[in-house]
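Data first, discussion second: the structure below is written as structure tokens.
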Amino acid sequence: MTTLPTGEQRRRRPPAGEHPRSWLLRRPAPAGELSWRWAAAGVATLVAALLGGLALGPAGIPPGAIAGDLVARLPWTDFGSPLSALDDAVLWELRAPRVVLGALVGATLALAGGAYQAVFRNPLADPYLLGAAAGAGLGATIAIVYAGSVPLPPAAFAGATAAVGGAYLLGRSVGGGRSTATLILAGVAMAAFLTALQTLLLQQDTENVRAVYAWLLGRLSTSGWADVLLVLPYAAVSVVAVLAHRRVLDALRVGDDEALGLGVPVARVRILVIGAATLGTAAAVAVSGLIGFVGIVVPHAVRLLAGSSYRVVLPLSALFVAAFLVLADVIARTALSPAELPIGVVTACIGAPFFVLVLRTTGAAST
């Protein structure tokens with residue numbers, strides 16, 4: 001006897017004559033869409049973090065004075081700026097580029113981490129676990145030591161691409177490249193190998209050891225807007241490419257065979273997303289050094305609180321991680337004032353306990 005499909009089955013079935021992939025990518029999915037409340041919360045958090053980053057520091061600037069200066073800069077206003085010449089220089093030549101760079105690096109690393117987690121179907125994947133950051137660091141170190149005139153992002157991108165490709169090939173050769181343990185171990189092995197090469201290079205050129213290690217610890221100290229303009233084109237390409245594939249990444253969650261059955265070009269999507277995430281990681285590492293855990297801590301929290309769909313995880317992670325990194329930088333430059341704490345130390349102190357908690361929760365759920 002033939003049973004009629006239920007209402008839920010009829011809603012899940014694509015309309016007659018429509019390709020499964022096009023139906024998958026445009027059909028309404030309330031549970032997987034970003035709600036306006038979470039979007040508003042993310043934007044509000046980022047705005048508050050940006051304002052705090054501009055106001056807080058060794059030379060405190062009241063938020064009201066910052067708002068008044070912004071209003072005074074509008075072309076149709078005749079108000080005078082409430083800031084002194086010194087405060088104006090501190091705000092717009094030193095602090096604002098640093099805050100913008102922190103938000104840009106945070107959003108880029110968040111999207112890169114989410115992209116790696118989706119492509120490898122590995123909730124613990126992140127640019128640092130898969131060796132991309134170590135490869136980018138090696139590429140940037142080679143550029144610093146042997147070719148000081150070479151821009152850092154292209155050199156870091158070459159190193160990051162080699163590292164991710166090596167980790168993925170190693171994972172496939174020993175275990176199909178799909179299990180969490182295999183990918184993490186392959187990334188750790190690749191990162192250890194590249195770090196050893198980097199140490200060898202530094203031993204050959206002791207003059208740059210201090211500069212390279214200061215960079216490896218992570219920092220957002222900038223030379224003005226030049227660093228922001230340096231990373232912006234690479235970050236923009238990475239962010240747009242990853243966000244454009246957020247619906248397809250949801251399809252990859254069910255597996256390659258099922259995604260292929262829905263008409264998703266899995267191999268092409270995987271190459272494009274990995275390339276975009278690697279480009280963003282390389283650009284971020286080139287200007288900020290190694291800032292760990294930002295691509296895994298906040299995305300996990302978003303996944304637990306707002307939903308597991310990448311249509312939700314990716315944009316919210318970009319907003320919240322941007323705010324998180326801006327606030328971490330505030331701690332880095334105020335905790336030991338007038339000295340400055342490496343921002344990588346701040347994010348590690350926050351991220352490492354969270355990472356252990358994730359491992360314990362994942363282990364408890366699998367038993």
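Residues are named by chain letter and number: chains run A, B, ... in the order of the structure tokens, numbers start at 1 in each chain, and ligands are numbered from 1 in the order shown.
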Non-local contacts of region 300-309 of chain A (12 Å; only C-alpha atoms; under 6 positions in same chain excluded) as a ChimeraX atom specification:
/A:29-39,41-42,110,113-114,117-118,122-126,246-254,293-294,315-321,351,354-355,357-359,361-362
Could you write out the selected residues, including N, CA and C atoms, as a compact mmCIF listing (two decimals), in the first residue's frame?
# COMPACT_ATOMS: atom_id res chain seq x y z
N ALA A 29 14.16 28.65 5.27
CA ALA A 29 14.53 27.78 6.38
C ALA A 29 14.61 28.63 7.64
N PRO A 30 13.47 28.86 8.28
CA PRO A 30 13.46 29.76 9.42
C PRO A 30 14.46 29.39 10.50
N ALA A 31 14.64 28.07 10.75
CA ALA A 31 15.55 27.67 11.82
C ALA A 31 16.99 27.96 11.48
N GLY A 32 17.31 28.10 10.18
CA GLY A 32 18.69 28.32 9.79
C GLY A 32 18.99 29.73 9.35
N GLU A 33 18.04 30.63 9.45
CA GLU A 33 18.26 32.00 9.02
C GLU A 33 18.66 32.87 10.21
N LEU A 34 19.40 33.92 9.93
CA LEU A 34 19.84 34.83 10.96
C LEU A 34 18.68 35.72 11.39
N SER A 35 18.33 35.67 12.68
CA SER A 35 17.23 36.49 13.18
C SER A 35 17.70 37.93 13.37
N TRP A 36 16.76 38.84 13.30
CA TRP A 36 17.12 40.25 13.43
C TRP A 36 17.60 40.57 14.84
N ARG A 37 17.13 39.81 15.83
CA ARG A 37 17.57 40.06 17.21
C ARG A 37 19.06 39.76 17.38
N TRP A 38 19.49 38.61 16.83
CA TRP A 38 20.90 38.26 16.93
C TRP A 38 21.75 39.20 16.09
N ALA A 39 21.25 39.58 14.91
CA ALA A 39 22.00 40.53 14.08
C ALA A 39 22.15 41.86 14.79
N ALA A 41 22.06 42.35 18.02
CA ALA A 41 22.97 42.16 19.15
C ALA A 41 24.43 42.17 18.70
N GLY A 42 24.70 41.53 17.56
CA GLY A 42 26.07 41.52 17.04
C GLY A 42 26.54 42.90 16.65
N ALA A 110 37.68 34.90 12.13
CA ALA A 110 36.45 34.20 12.48
C ALA A 110 35.86 33.49 11.27
N GLY A 113 38.08 30.54 10.27
CA GLY A 113 37.85 29.39 11.13
C GLY A 113 36.54 28.69 10.83
N GLY A 114 35.46 29.46 10.65
CA GLY A 114 34.18 28.85 10.31
C GLY A 114 34.22 28.13 8.97
N GLN A 117 36.03 24.82 9.44
CA GLN A 117 35.18 23.88 10.16
C GLN A 117 34.11 23.28 9.25
N ALA A 118 33.58 24.11 8.34
CA ALA A 118 32.53 23.62 7.44
C ALA A 118 33.10 22.69 6.38
N ASN A 122 34.66 19.59 10.71
CA ASN A 122 35.45 19.40 11.92
C ASN A 122 35.22 20.61 12.83
N PRO A 123 34.45 20.46 13.91
CA PRO A 123 34.12 21.61 14.75
C PRO A 123 35.31 22.21 15.48
N LEU A 124 36.44 21.50 15.52
CA LEU A 124 37.63 22.01 16.18
C LEU A 124 38.65 22.57 15.20
N ALA A 125 38.34 22.55 13.91
CA ALA A 125 39.28 23.06 12.92
C ALA A 125 39.38 24.57 13.03
N ASP A 126 40.60 25.06 12.87
CA ASP A 126 40.82 26.49 12.89
C ASP A 126 42.16 26.74 12.20
N ARG A 246 27.94 30.58 2.17
CA ARG A 246 27.44 30.12 3.46
C ARG A 246 26.29 29.12 3.32
N ARG A 247 25.46 29.26 2.30
CA ARG A 247 24.37 28.30 2.11
C ARG A 247 24.90 26.96 1.61
N VAL A 248 25.88 27.01 0.72
CA VAL A 248 26.46 25.78 0.20
C VAL A 248 27.20 25.03 1.31
N LEU A 249 27.81 25.77 2.25
CA LEU A 249 28.51 25.12 3.36
C LEU A 249 27.54 24.33 4.23
N ASP A 250 26.30 24.80 4.33
CA ASP A 250 25.30 24.02 5.05
C ASP A 250 25.04 22.68 4.36
N ALA A 251 25.07 22.70 3.03
CA ALA A 251 24.87 21.46 2.28
C ALA A 251 26.02 20.49 2.50
N LEU A 252 27.24 21.00 2.65
CA LEU A 252 28.40 20.14 2.86
C LEU A 252 28.35 19.44 4.22
N ARG A 253 27.57 19.96 5.14
CA ARG A 253 27.49 19.35 6.47
C ARG A 253 26.93 17.93 6.41
N VAL A 254 26.11 17.62 5.42
CA VAL A 254 25.49 16.30 5.36
C VAL A 254 26.41 15.28 4.71
N PHE A 293 43.20 31.19 18.89
CA PHE A 293 41.92 30.85 19.50
C PHE A 293 40.75 31.73 19.07
N VAL A 294 40.98 32.85 18.37
CA VAL A 294 39.84 33.70 18.03
C VAL A 294 38.94 33.04 17.00
N PRO A 315 28.11 35.03 9.81
CA PRO A 315 28.00 36.48 10.03
C PRO A 315 28.08 36.88 11.49
N LEU A 316 27.46 36.10 12.38
CA LEU A 316 27.52 36.45 13.80
C LEU A 316 28.94 36.30 14.34
N SER A 317 29.66 35.26 13.91
CA SER A 317 31.04 35.09 14.35
C SER A 317 31.90 36.27 13.92
N ALA A 318 31.69 36.74 12.69
CA ALA A 318 32.46 37.89 12.22
C ALA A 318 32.23 39.10 13.10
N LEU A 319 30.99 39.36 13.47
CA LEU A 319 30.67 40.53 14.31
C LEU A 319 31.23 40.38 15.72
N PHE A 320 30.97 39.23 16.34
CA PHE A 320 31.37 39.06 17.74
C PHE A 320 32.88 38.90 17.89
N VAL A 321 33.54 38.21 16.95
CA VAL A 321 34.99 38.07 17.06
C VAL A 321 35.68 39.41 16.81
N GLY A 351 41.16 31.94 25.51
CA GLY A 351 40.76 30.86 24.61
C GLY A 351 41.16 29.47 25.06
N PHE A 354 38.64 27.83 27.36
CA PHE A 354 37.43 27.54 26.60
C PHE A 354 37.65 26.33 25.70
N PHE A 355 38.82 26.22 25.10
CA PHE A 355 39.12 25.08 24.24
C PHE A 355 39.09 23.78 25.04
N LEU A 357 37.32 23.29 27.71
CA LEU A 357 35.91 23.05 28.01
C LEU A 357 35.21 22.42 26.81
N VAL A 358 35.52 22.89 25.60
CA VAL A 358 34.92 22.30 24.41
C VAL A 358 35.32 20.83 24.27
N LEU A 359 36.60 20.54 24.51
CA LEU A 359 37.06 19.16 24.41
C LEU A 359 36.35 18.26 25.44
N THR A 361 33.39 18.81 26.82
CA THR A 361 31.99 18.70 26.44
C THR A 361 31.81 17.74 25.26
N THR A 362 32.70 17.84 24.27
CA THR A 362 32.64 16.95 23.12
C THR A 362 32.87 15.50 23.54
Could you go through region 154-265 of chain A and tell me which residues DSSP, when run on the backbone, assigns to alpha helix (DSSP H), listing them as a ChimeraX atom specification?
/A:154-175,180-204,209-216,225-244,246-252,256-261
Can you measure CA of Leu325 (chain A) to CA of Ala103 (chain A) for me? One decimal in Å is fine.
6.5 Å
Which residues, written as a list in words, have at least one atom at most 9 Å from Ser288 (chain A), with only C-alpha atoms counted and residues fewer than 3 positions away on the same chain left out?
Leu101, Gly102, Val105, Trp215, Leu216, Leu217, Gly218, Arg219, Leu220, Ser221, Thr222, Ala283, Ala284, Val285 and Ile291 of chain A
Take the residues from that selection and write them out as a CSV table (one decimal), in the first residue's frame, keeping C-alpha atoms.
chain,number,residue,atom,x,y,z
A,101,LEU,CA,42.6,46.8,12.2
A,102,GLY,CA,41.6,44.7,15.2
A,105,VAL,CA,41.6,40.9,11.6
A,215,TRP,CA,55.6,39.7,15.7
A,216,LEU,CA,54.9,36.0,16.4
A,217,LEU,CA,53.4,36.8,19.8
A,218,GLY,CA,50.7,38.9,18.1
A,219,ARG,CA,50.3,42.6,18.1
A,220,LEU,CA,48.0,45.2,16.6
A,221,SER,CA,50.4,48.2,16.9
A,222,THR,CA,50.2,49.9,13.5
A,283,ALA,CA,46.6,38.6,5.4
A,284,ALA,CA,45.6,38.7,9.1
A,285,VAL,CA,48.8,36.9,10.2
A,291,ILE,CA,46.7,35.6,17.5
So that I can check the surroundings of Ala328 (chain A), please list as JSON, numbers by chain every protein, DNA and RNA residue that reaches within 7 Å of it, counting only C-alpha atoms and ignoring chain neighbours fewer than 2 positions away.
{"A": [324, 325, 326, 330, 331, 332, 343, 346, 347]}
Got a sec: who's within 12 Å of Gly275 (chain A), counting only C-alpha atoms, leaving out chain neighbours fewer than 6 positions off, as an MDAnalysis selection string?
chainID A and resid 112 115:116 119 132 157:158 160:165 234 237:239 241:242 268:269 281:282
